[in-house]
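**Student:** protein-v6.cif is the file, holding mmCIF, C-alpha atoms:
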```cif
data_model
#
loop_
_atom_site.label_atom_id
_atom_site.label_comp_id
_atom_site.auth_asym_id
_atom_site.auth_seq_id
_atom_site.Cartn_x
_atom_site.Cartn_y
_atom_site.Cartn_z
CA MET A 1 145.86 121.92 98.44
CA LEU A 2 147.51 118.69 99.62
CA ARG A 3 145.61 118.81 102.91
CA ARG A 4 142.30 119.29 101.09
CA ARG A 5 143.05 116.36 98.76
CA VAL A 6 143.92 114.10 101.67
CA THR A 7 140.78 115.20 103.56
CA ASP A 8 138.61 114.49 100.50
CA ALA A 9 140.17 111.04 100.08
CA ALA A 10 139.67 110.25 103.76
CA SER A 11 136.00 111.20 103.45
CA ILE A 12 135.55 108.96 100.40
CA TRP A 13 137.12 105.93 102.06
CA SER A 14 135.41 106.50 105.42
CA SER A 15 131.93 106.37 103.91
CA GLY A 16 130.26 103.16 102.85
CA THR A 17 131.08 99.66 104.09
CA TYR A 18 134.53 98.90 102.68
CA GLU A 19 134.96 95.96 105.06
CA ARG A 20 132.46 94.00 102.95
CA ILE A 21 134.85 94.06 100.00
CA ALA A 22 137.98 93.66 102.13
CA LYS A 23 136.72 90.27 103.35
CA ARG A 24 136.43 89.08 99.76
CA PHE A 25 140.17 89.53 99.25
CA ALA A 26 141.17 86.92 101.84
CA PRO A 27 142.99 84.61 99.35
CA VAL A 28 144.96 87.59 98.00
CA GLN A 29 145.80 88.73 101.52
CA ASP A 30 146.90 85.25 102.54
CA GLU A 31 149.28 84.93 99.60
CA LEU A 32 150.78 88.39 100.07
CA VAL A 33 151.54 87.77 103.75
CA GLU A 34 152.88 84.28 103.06
CA ARG A 35 155.27 85.60 100.42
CA LEU A 36 156.60 88.25 102.84
CA GLN A 37 157.19 85.68 105.61
CA PRO A 38 156.27 87.42 108.89
CA ARG A 39 158.01 86.16 112.01
CA PRO A 40 159.04 87.39 115.44
CA GLY A 41 161.49 90.28 115.34
CA VAL A 42 160.47 91.53 111.89
CA ARG A 43 159.54 95.24 111.82
CA TRP A 44 156.53 95.44 109.49
CA LEU A 45 154.68 98.43 108.02
CA ASP A 46 151.31 98.04 106.32
CA LEU A 47 150.34 100.98 104.10
CA ALA A 48 146.69 101.99 103.59
CA THR A 49 145.74 99.16 105.92
CA GLY A 50 141.97 99.65 105.63
CA THR A 51 140.35 97.27 108.07
CA GLY A 52 143.75 95.81 108.99
CA GLU A 53 143.63 92.50 107.17
CA ILE A 54 147.35 92.36 106.33
CA ALA A 55 148.51 93.97 109.58
CA ILE A 56 146.56 91.48 111.67
CA ARG A 57 147.90 88.49 109.75
CA ALA A 58 151.49 89.73 110.16
CA ALA A 59 151.01 90.43 113.89
CA ARG A 60 149.53 86.97 114.45
CA ALA A 61 152.78 85.52 113.07
CA GLY A 62 154.81 87.53 115.58
CA ALA A 63 155.93 90.54 113.54
CA THR A 64 156.14 93.97 115.20
CA VAL A 65 153.56 95.82 113.14
CA ALA A 66 152.75 99.45 112.38
CA ALA A 67 149.81 100.18 110.11
CA LEU A 68 148.39 103.39 108.72
CA ASP A 69 145.42 104.69 106.83
CA LEU A 70 144.00 108.13 106.09
CA ALA A 71 140.40 107.08 106.86
CA PRO A 72 139.69 107.31 110.62
CA LEU A 73 136.64 105.05 110.50
CA LEU A 74 138.55 102.27 108.79
CA LEU A 75 141.32 102.60 111.36
CA GLU A 76 138.81 102.30 114.19
CA THR A 77 137.53 99.07 112.66
CA ALA A 78 141.10 97.78 112.33
CA LYS A 79 141.91 98.72 115.93
CA ASP A 80 138.79 96.99 117.23
CA ARG A 81 139.59 93.83 115.29
CA ALA A 82 143.20 93.78 116.47
CA GLY A 83 142.19 94.43 120.07
CA ALA A 84 139.63 91.64 120.01
CA GLN A 85 142.45 89.26 119.07
CA GLY A 86 144.86 90.59 121.67
CA LEU A 87 147.27 91.96 119.06
CA ASP A 88 149.52 94.94 119.78
CA ILE A 89 149.61 96.91 116.53
CA ARG A 90 150.54 100.58 116.19
CA PHE A 91 147.91 102.38 114.10
CA ASP A 92 148.53 105.84 112.62
CA CYS A 93 146.08 108.08 110.78
CA CYS A 94 148.14 109.62 108.00
CA ASP A 95 148.81 109.68 104.27
CA VAL A 96 151.18 107.25 102.55
CA GLU A 97 152.78 110.19 100.72
CA LEU A 98 154.32 111.50 103.96
CA LEU A 99 155.15 108.76 106.45
CA PRO A 100 155.70 109.64 110.14
CA TYR A 101 158.64 107.24 110.59
CA GLU A 102 162.40 107.63 110.67
CA ASP A 103 164.72 106.43 107.89
CA GLU A 104 165.40 102.70 107.53
CA ARG A 105 162.82 101.83 110.19
CA PHE A 106 161.24 98.72 108.63
CA ASP A 107 162.21 95.24 107.42
CA VAL A 108 158.96 94.72 105.48
CA VAL A 109 156.49 97.11 103.83
CA SER A 110 153.18 95.78 102.51
CA SER A 111 149.98 97.07 100.95
CA ASN A 112 146.96 95.20 99.63
CA PHE A 113 145.14 97.27 96.98
CA GLY A 114 145.78 100.27 99.24
CA MET A 115 148.74 102.57 98.65
CA ILE A 116 148.01 102.44 94.91
CA PHE A 117 145.15 104.92 95.48
CA ALA A 118 147.46 107.74 96.62
CA ALA A 119 147.64 110.48 93.99
CA ASP A 120 151.41 111.15 94.02
CA HIS A 121 153.01 107.86 93.01
CA ALA A 122 156.55 109.22 93.06
CA ALA A 123 156.11 110.48 96.63
CA VAL A 124 154.83 107.08 97.74
CA ALA A 125 157.80 105.32 96.13
CA GLU A 126 160.27 107.75 97.72
CA GLU A 127 158.76 107.27 101.16
CA ILE A 128 158.78 103.48 100.90
CA ALA A 129 162.46 103.59 99.94
CA ARG A 130 163.24 106.01 102.76
CA VAL A 131 161.73 103.95 105.58
CA THR A 132 163.18 100.58 104.47
CA GLU A 133 166.69 99.40 105.23
CA PRO A 134 168.91 97.57 102.72
CA GLY A 135 167.63 94.04 102.27
CA ALA A 136 164.11 94.94 103.41
CA ARG A 137 161.19 93.29 101.62
CA LEU A 138 158.37 95.04 99.80
CA GLY A 139 155.11 93.45 98.72
CA PHE A 140 151.90 94.93 97.34
CA THR A 141 149.00 94.18 95.05
CA ALA A 142 147.70 96.48 92.32
CA TRP A 143 144.70 96.26 90.00
CA LYS A 144 145.52 96.07 86.31
CA PRO A 145 143.66 98.43 83.96
CA ASN A 146 140.09 97.25 83.34
CA ALA A 147 138.88 98.42 79.95
CA LYS A 148 135.28 97.26 80.39
CA LEU A 149 134.79 99.10 83.68
CA GLY A 150 136.59 102.14 82.30
CA ASP A 151 134.28 102.24 79.30
CA LEU A 152 131.26 101.87 81.56
CA TYR A 153 132.30 104.78 83.78
CA ALA A 154 133.01 106.93 80.71
CA GLN A 155 129.40 106.56 79.57
CA PHE A 156 128.18 108.32 82.69
CA THR A 157 130.75 110.95 83.63
CA ASP A 158 133.50 113.17 82.27
CA GLU A 159 134.72 113.92 85.80
CA PRO A 160 137.70 112.09 87.30
CA ILE A 161 136.84 108.85 89.06
CA PRO A 162 138.42 108.55 92.54
CA GLY A 163 141.50 106.36 92.36
CA ARG A 164 141.62 106.31 88.55
CA GLU A 165 145.40 106.71 88.61
CA ALA A 166 145.66 103.57 90.74
CA TYR A 167 145.52 101.41 87.64
CA GLU A 168 148.95 102.69 86.59
CA TRP A 169 150.40 100.60 89.42
CA GLY A 170 148.93 97.58 87.62
CA GLU A 171 151.37 98.09 84.74
CA ALA A 172 154.79 96.48 85.22
CA GLU A 173 156.56 99.29 83.38
CA HIS A 174 155.17 101.87 85.80
CA VAL A 175 156.14 99.76 88.81
CA HIS A 176 159.73 99.55 87.57
CA GLU A 177 159.78 103.27 86.78
CA MET A 178 158.63 104.18 90.28
CA LEU A 179 160.57 101.63 92.34
CA GLY A 180 163.24 100.04 90.17
CA ASP A 181 166.09 102.32 91.24
CA ASP A 182 165.68 101.34 94.89
CA PHE A 183 164.33 97.78 94.75
CA GLU A 184 165.06 94.56 92.93
CA LEU A 185 161.57 93.70 91.73
CA GLU A 186 159.50 90.66 90.83
CA VAL A 187 156.16 91.33 89.14
CA GLU A 188 153.68 88.46 88.85
CA ASP A 189 150.30 88.37 87.10
CA ARG A 190 147.34 87.20 89.16
CA VAL A 191 143.55 87.08 88.72
CA PHE A 192 140.96 87.67 91.43
CA HIS A 193 137.41 86.58 90.62
CA VAL A 194 134.37 88.55 91.75
CA GLU A 195 131.87 85.81 92.57
CA ALA A 196 128.18 86.36 93.24
CA GLY A 197 124.77 84.93 92.57
CA SER A 198 123.80 87.75 90.20
CA GLY A 199 124.87 91.03 88.68
CA GLU A 200 122.44 92.72 91.07
CA GLU A 201 124.33 91.24 94.01
CA VAL A 202 127.59 92.66 92.63
CA TRP A 203 125.92 96.07 92.26
CA ASP A 204 124.74 95.96 95.87
CA LEU A 205 128.29 95.20 97.01
CA PHE A 206 130.12 97.73 94.83
CA SER A 207 127.62 100.59 95.11
CA SER A 208 127.85 100.46 98.90
CA SER A 209 131.50 99.49 99.39
CA ALA A 210 133.69 100.36 96.38
CA PRO A 211 134.49 104.11 96.33
CA PRO A 212 134.79 104.54 92.52
CA VAL A 213 131.34 103.03 91.96
CA ARG A 214 129.70 104.60 94.99
CA VAL A 215 131.01 108.11 94.26
CA LEU A 216 129.96 107.97 90.61
CA ALA A 217 126.49 106.69 91.51
CA ASP A 218 126.06 109.47 94.08
CA ARG A 219 126.97 112.13 91.50
CA LEU A 220 124.20 111.11 89.10
CA GLU A 221 120.63 112.32 88.93
CA PRO A 222 118.11 109.56 89.80
CA GLU A 223 117.31 108.65 86.19
CA ARG A 224 120.96 108.48 85.14
CA ARG A 225 121.85 106.61 88.33
CA GLU A 226 119.33 103.93 87.43
CA GLU A 227 120.79 103.74 83.92
CA PHE A 228 124.24 103.29 85.45
CA HIS A 229 122.83 100.66 87.80
CA GLN A 230 121.35 98.66 84.93
CA ALA A 231 124.48 98.96 82.77
CA PHE A 232 126.63 97.80 85.68
CA VAL A 233 124.40 94.78 86.30
CA GLU A 234 124.40 93.94 82.58
CA LEU A 235 128.21 94.06 82.47
CA PHE A 236 128.58 91.61 85.34
CA GLU A 237 125.81 89.36 84.04
CA SER A 238 128.02 88.91 80.95
CA TYR A 239 130.34 86.92 83.25
CA ARG A 240 127.64 84.43 84.23
CA GLU A 241 128.63 80.77 84.50
CA ASP A 242 126.59 77.75 85.61
CA ALA A 243 127.18 78.50 89.30
CA GLY A 244 126.62 82.25 89.02
CA ILE A 245 128.71 85.33 88.29
CA ARG A 246 132.48 84.85 88.10
CA ALA A 247 134.08 88.04 86.81
CA PRO A 248 137.88 88.14 86.43
CA ARG A 249 139.79 91.09 87.89
CA PRO A 250 143.47 90.82 86.86
CA TYR A 251 146.03 92.30 89.23
CA LEU A 252 149.77 92.38 89.84
CA LEU A 253 151.57 90.90 92.83
CA VAL A 254 154.71 93.00 93.24
CA LEU A 255 157.59 91.81 95.41
CA GLY A 256 160.83 93.68 95.96
CA THR A 257 164.07 93.69 97.92
CA ARG A 258 165.64 96.99 98.97
CA ARG A 259 169.00 97.55 97.27
#
```
Output the structure of this file as structure tokens.

**Tutor:**
Amino acid sequence: MLRRRVTDAASIWSSGTYERIAKRFAPVQDELVERLQPRPGVRWLDLATGTGEIAIRAARAGATVAALDLAPLLLETAKDRAGAQGLDIRFDCCDVELLPYEDERFDVVSSNFGMIFAADHAAVAEEIARVTEPGARLGFTAWKPNAKLGDLYAQFTDEPIPGREAYEWGEAEHVHEMLGDDFELEVEDRVFHVEAGSGEEVWDLFSSSAPPVRVLADRLEPERREEFHQAFVELFESYREDAGIRAPRPYLLVLGTRR
């Protein structure tokens, strides 16, 4: 059952063009890496690395980096990008719920809107604690619950949306429940803005690159898909400002030190 779930998740994340969205998160990625202070000699693990944005930044600063993801196509993109920059990063295709590393291996563990999508949150927390040594640093970002998007999805499906449980990581209480026994934690509120010229532009981006939107759209019959399309565009048009769409997406920046 676990293998099938992991395979299904890998298929979801390998389809589409996730790199289009990953590039949008550059300011978030920059802050996360800056707060974790990569430098030569630091042993760094990036969980659910996607196209390798965090791993590459850490390696550029001299850290010894391992990075993993369960989606082979994303890993290939990350490998190509790292190779083009002459960076020596270890890439592993595996699930964050069962890490292929020995105990107390890493000085830093990071994840940018990545490990939050694993289904078994307790397993992820246990594995992060296992592979970090006392004093190691943890840093990750997590989307906060989004009521408007949740209500929109609920209008078009009763089936589970991929990654729905991820929003629990965007609640400080859940973060402390999962990680508080093993890490001293700091939880900071942040806001990322989705910026575009129109709601239609946001739809084009999300329907091709964001798994929850893409999977839901693919499930729908053509007429219902078009209704979903129009409702999605209308939602994002409600965030129109003089310069275009600027939709807020609140998230948490979580930082921790291994006890």

**Student:** Care to translate the PyMOL selection byres ((chain A and resi 114) around 8) into actual residues of this file, as a short mmCIF file (atom, residue, chain, number, x, y, z; two decimals) with C-alpha atoms, keeping the file's coordinate frame?

**Tutor:**
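Ended up saving to part_36.cif:
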```cif
data_model
loop_
_atom_site.label_atom_id
_atom_site.label_comp_id
_atom_site.auth_asym_id
_atom_site.auth_seq_id
_atom_site.Cartn_x
_atom_site.Cartn_y
_atom_site.Cartn_z
CA LEU A 47 150.34 100.98 104.10
CA ALA A 48 146.69 101.99 103.59
CA THR A 49 145.74 99.16 105.92
CA GLY A 50 141.97 99.65 105.63
CA SER A 111 149.98 97.07 100.95
CA ASN A 112 146.96 95.20 99.63
CA PHE A 113 145.14 97.27 96.98
CA MET A 115 148.74 102.57 98.65
CA ILE A 116 148.01 102.44 94.91
CA PHE A 117 145.15 104.92 95.48
#
```

**Student:** Extract, using all atoms listed in the file, all DNA, RNA and protein residues at most 10 Å from Glu168 (chain A), discarding same-chain residues fewer than 5 positions from it, and format them as a PyMOL selection string.

**Tutor:** chain A and resi 116-117+121+142-145+173-175

**Student:** Can you tell me, as a PDB file with C-alpha atoms, keeping the file's coordinate frame, what residues are no more than 12 Å from Val33 (chain A) when counting only C-alpha atoms, ignoring any on the same chain fewer than 5 positions away?

**Tutor:**
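Done, and the output landed in part_33.pdb:
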```pdb
ATOM      1  CA  ALA A  26     141.170  86.920 101.840  1.00  0.00           C
ATOM      2  CA  PRO A  27     142.990  84.610  99.350  1.00  0.00           C
ATOM      3  CA  VAL A  28     144.960  87.590  98.000  1.00  0.00           C
ATOM      4  CA  PRO A  38     156.270  87.420 108.890  1.00  0.00           C
ATOM      5  CA  ARG A  39     158.010  86.160 112.010  1.00  0.00           C
ATOM      6  CA  TRP A  44     156.530  95.440 109.490  1.00  0.00           C
ATOM      7  CA  LEU A  45     154.680  98.430 108.020  1.00  0.00           C
ATOM      8  CA  ASP A  46     151.310  98.040 106.320  1.00  0.00           C
ATOM      9  CA  GLU A  53     143.630  92.500 107.170  1.00  0.00           C
ATOM     10  CA  ILE A  54     147.350  92.360 106.330  1.00  0.00           C
ATOM     11  CA  ALA A  55     148.510  93.970 109.580  1.00  0.00           C
ATOM     12  CA  ILE A  56     146.560  91.480 111.670  1.00  0.00           C
ATOM     13  CA  ARG A  57     147.900  88.490 109.750  1.00  0.00           C
ATOM     14  CA  ALA A  58     151.490  89.730 110.160  1.00  0.00           C
ATOM     15  CA  ALA A  59     151.010  90.430 113.890  1.00  0.00           C
ATOM     16  CA  ARG A  60     149.530  86.970 114.450  1.00  0.00           C
ATOM     17  CA  ALA A  61     152.780  85.520 113.070  1.00  0.00           C
ATOM     18  CA  ALA A  63     155.930  90.540 113.540  1.00  0.00           C
ATOM     19  CA  VAL A 108     158.960  94.720 105.480  1.00  0.00           C
ATOM     20  CA  VAL A 109     156.490  97.110 103.830  1.00  0.00           C
ATOM     21  CA  SER A 110     153.180  95.780 102.510  1.00  0.00           C
ATOM     22  CA  SER A 111     149.980  97.070 100.950  1.00  0.00           C
ATOM     23  CA  ASN A 112     146.960  95.200  99.630  1.00  0.00           C
ATOM     24  CA  ARG A 137     161.190  93.290 101.620  1.00  0.00           C
ATOM     25  CA  LEU A 138     158.370  95.040  99.800  1.00  0.00           C
ATOM     26  CA  GLY A 139     155.110  93.450  98.720  1.00  0.00           C
ATOM     27  CA  PHE A 140     151.900  94.930  97.340  1.00  0.00           C
ATOM     28  CA  THR A 141     149.000  94.180  95.050  1.00  0.00           C
ATOM     29  CA  LEU A 253     151.570  90.900  92.830  1.00  0.00           C
ATOM     30  CA  LEU A 255     157.590  91.810  95.410  1.00  0.00           C
TER      31      LEU A 255
END
```

**Student:** Let me know the residues the PyMOL selection byres ((chain A and resi 235) around 10) catches in the file above, as a PyMOL selection string.

**Tutor:** chain A and resi 148-149+152+199+230-234+236-240+247

**Student:** Go through A:Gly83, A:Gly180, A:Gly41, A:Pro211 and flag the residue nearest Ala122 (chain A), using only C-alpha atoms for the distances.

**Tutor:**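 Closest to Ala122 (chain A), using only C-alpha atoms: A:Gly180.
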
**Student:** How many Å lie between CA of Thr64 (chain A) and CA of Pro40 (chain A), rounded to one decimal?

**Tutor:**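 CA of Pro40 (chain A) lies at a distance of 7.2 Å from CA of Thr64 (chain A).
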
**Student:** Once the PyMOL selection byres ((chain A and resi 93) around 7) is applied to the coordinates I shared, what remains selected? I want it as a PyMOL selection string.

**Tutor:** chain A and resi 68-72+91-92+94

**Student:** Would you work out the distance separating CA of Arg258 (chain A) from CA of Arg130 (chain A), expressed in Å to one decimal?

**Tutor:** 10.1 Å

**Student:** As AutoDock Vina command-line options, what would the box around region 61-74 of chain A look like: edges along x, y and z, 3 Å added on every side, centre and edge lengths in Å to one decimal?

**Tutor:**
```
--center_x 146.4 --center_y 96.8 --center_z 110.8 --size_x 25.5 --size_y 28.6 --size_z 15.5
```

**Student:** Leaving out Ile21 (chain A) and any residue of its chain fewer than 3 positions from it, which residues lie within 10 Å of it when counting all atoms listed in the file, given as a list in words?

**Tutor:**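 Listed by chain and then number, they are Thr17, Tyr18, Arg24, Phe25, Ala26, Val194, Leu205, Phe206, Ser208, Ser209 and Ala210 of chain A.
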
**Student:** Which of these residues is nearest to Gln155 (chain A), using only C-alpha atoms: A:Arg190, A:Glu102, A:Arg225, A:Leu32?

**Tutor:**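 Among A:Arg190, A:Glu102, A:Arg225, A:Leu32, it is A:Arg225 that comes nearest to Gln155 (chain A).
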
**Student:** Smallest atom-to-atom distance to Ile128 (chain A): which of A:Asp181, A:Glu97, A:Asp151, A:Glu165, using all atoms listed in the file?

**Tutor:** A:Glu97

**Student:** Distance CA of Trp203 (chain A)-CA of Val215 (chain A), one decimal place?

**Tutor:**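 So the answer is 13.2 Å.
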
**Student:** Point out the residue among A:Tyr167, A:Pro248, A:Phe156, A:Asp242 with the least atom-to-atom distance to His229 (chain A), counting all atoms listed in the file.

**Tutor:** A:Phe156

**Student:** Would you pick out the contacts of Arg259 (chain A) at 8 Å or less, using only C-alpha atoms, so that residues sharing its chain but fewer than 6 positions from it are not included, and give the list as a list in words?

**Tutor:**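 These residues fall inside the cut-off: Pro134, Gly135, Asp182, Phe183 and Glu184 of chain A.
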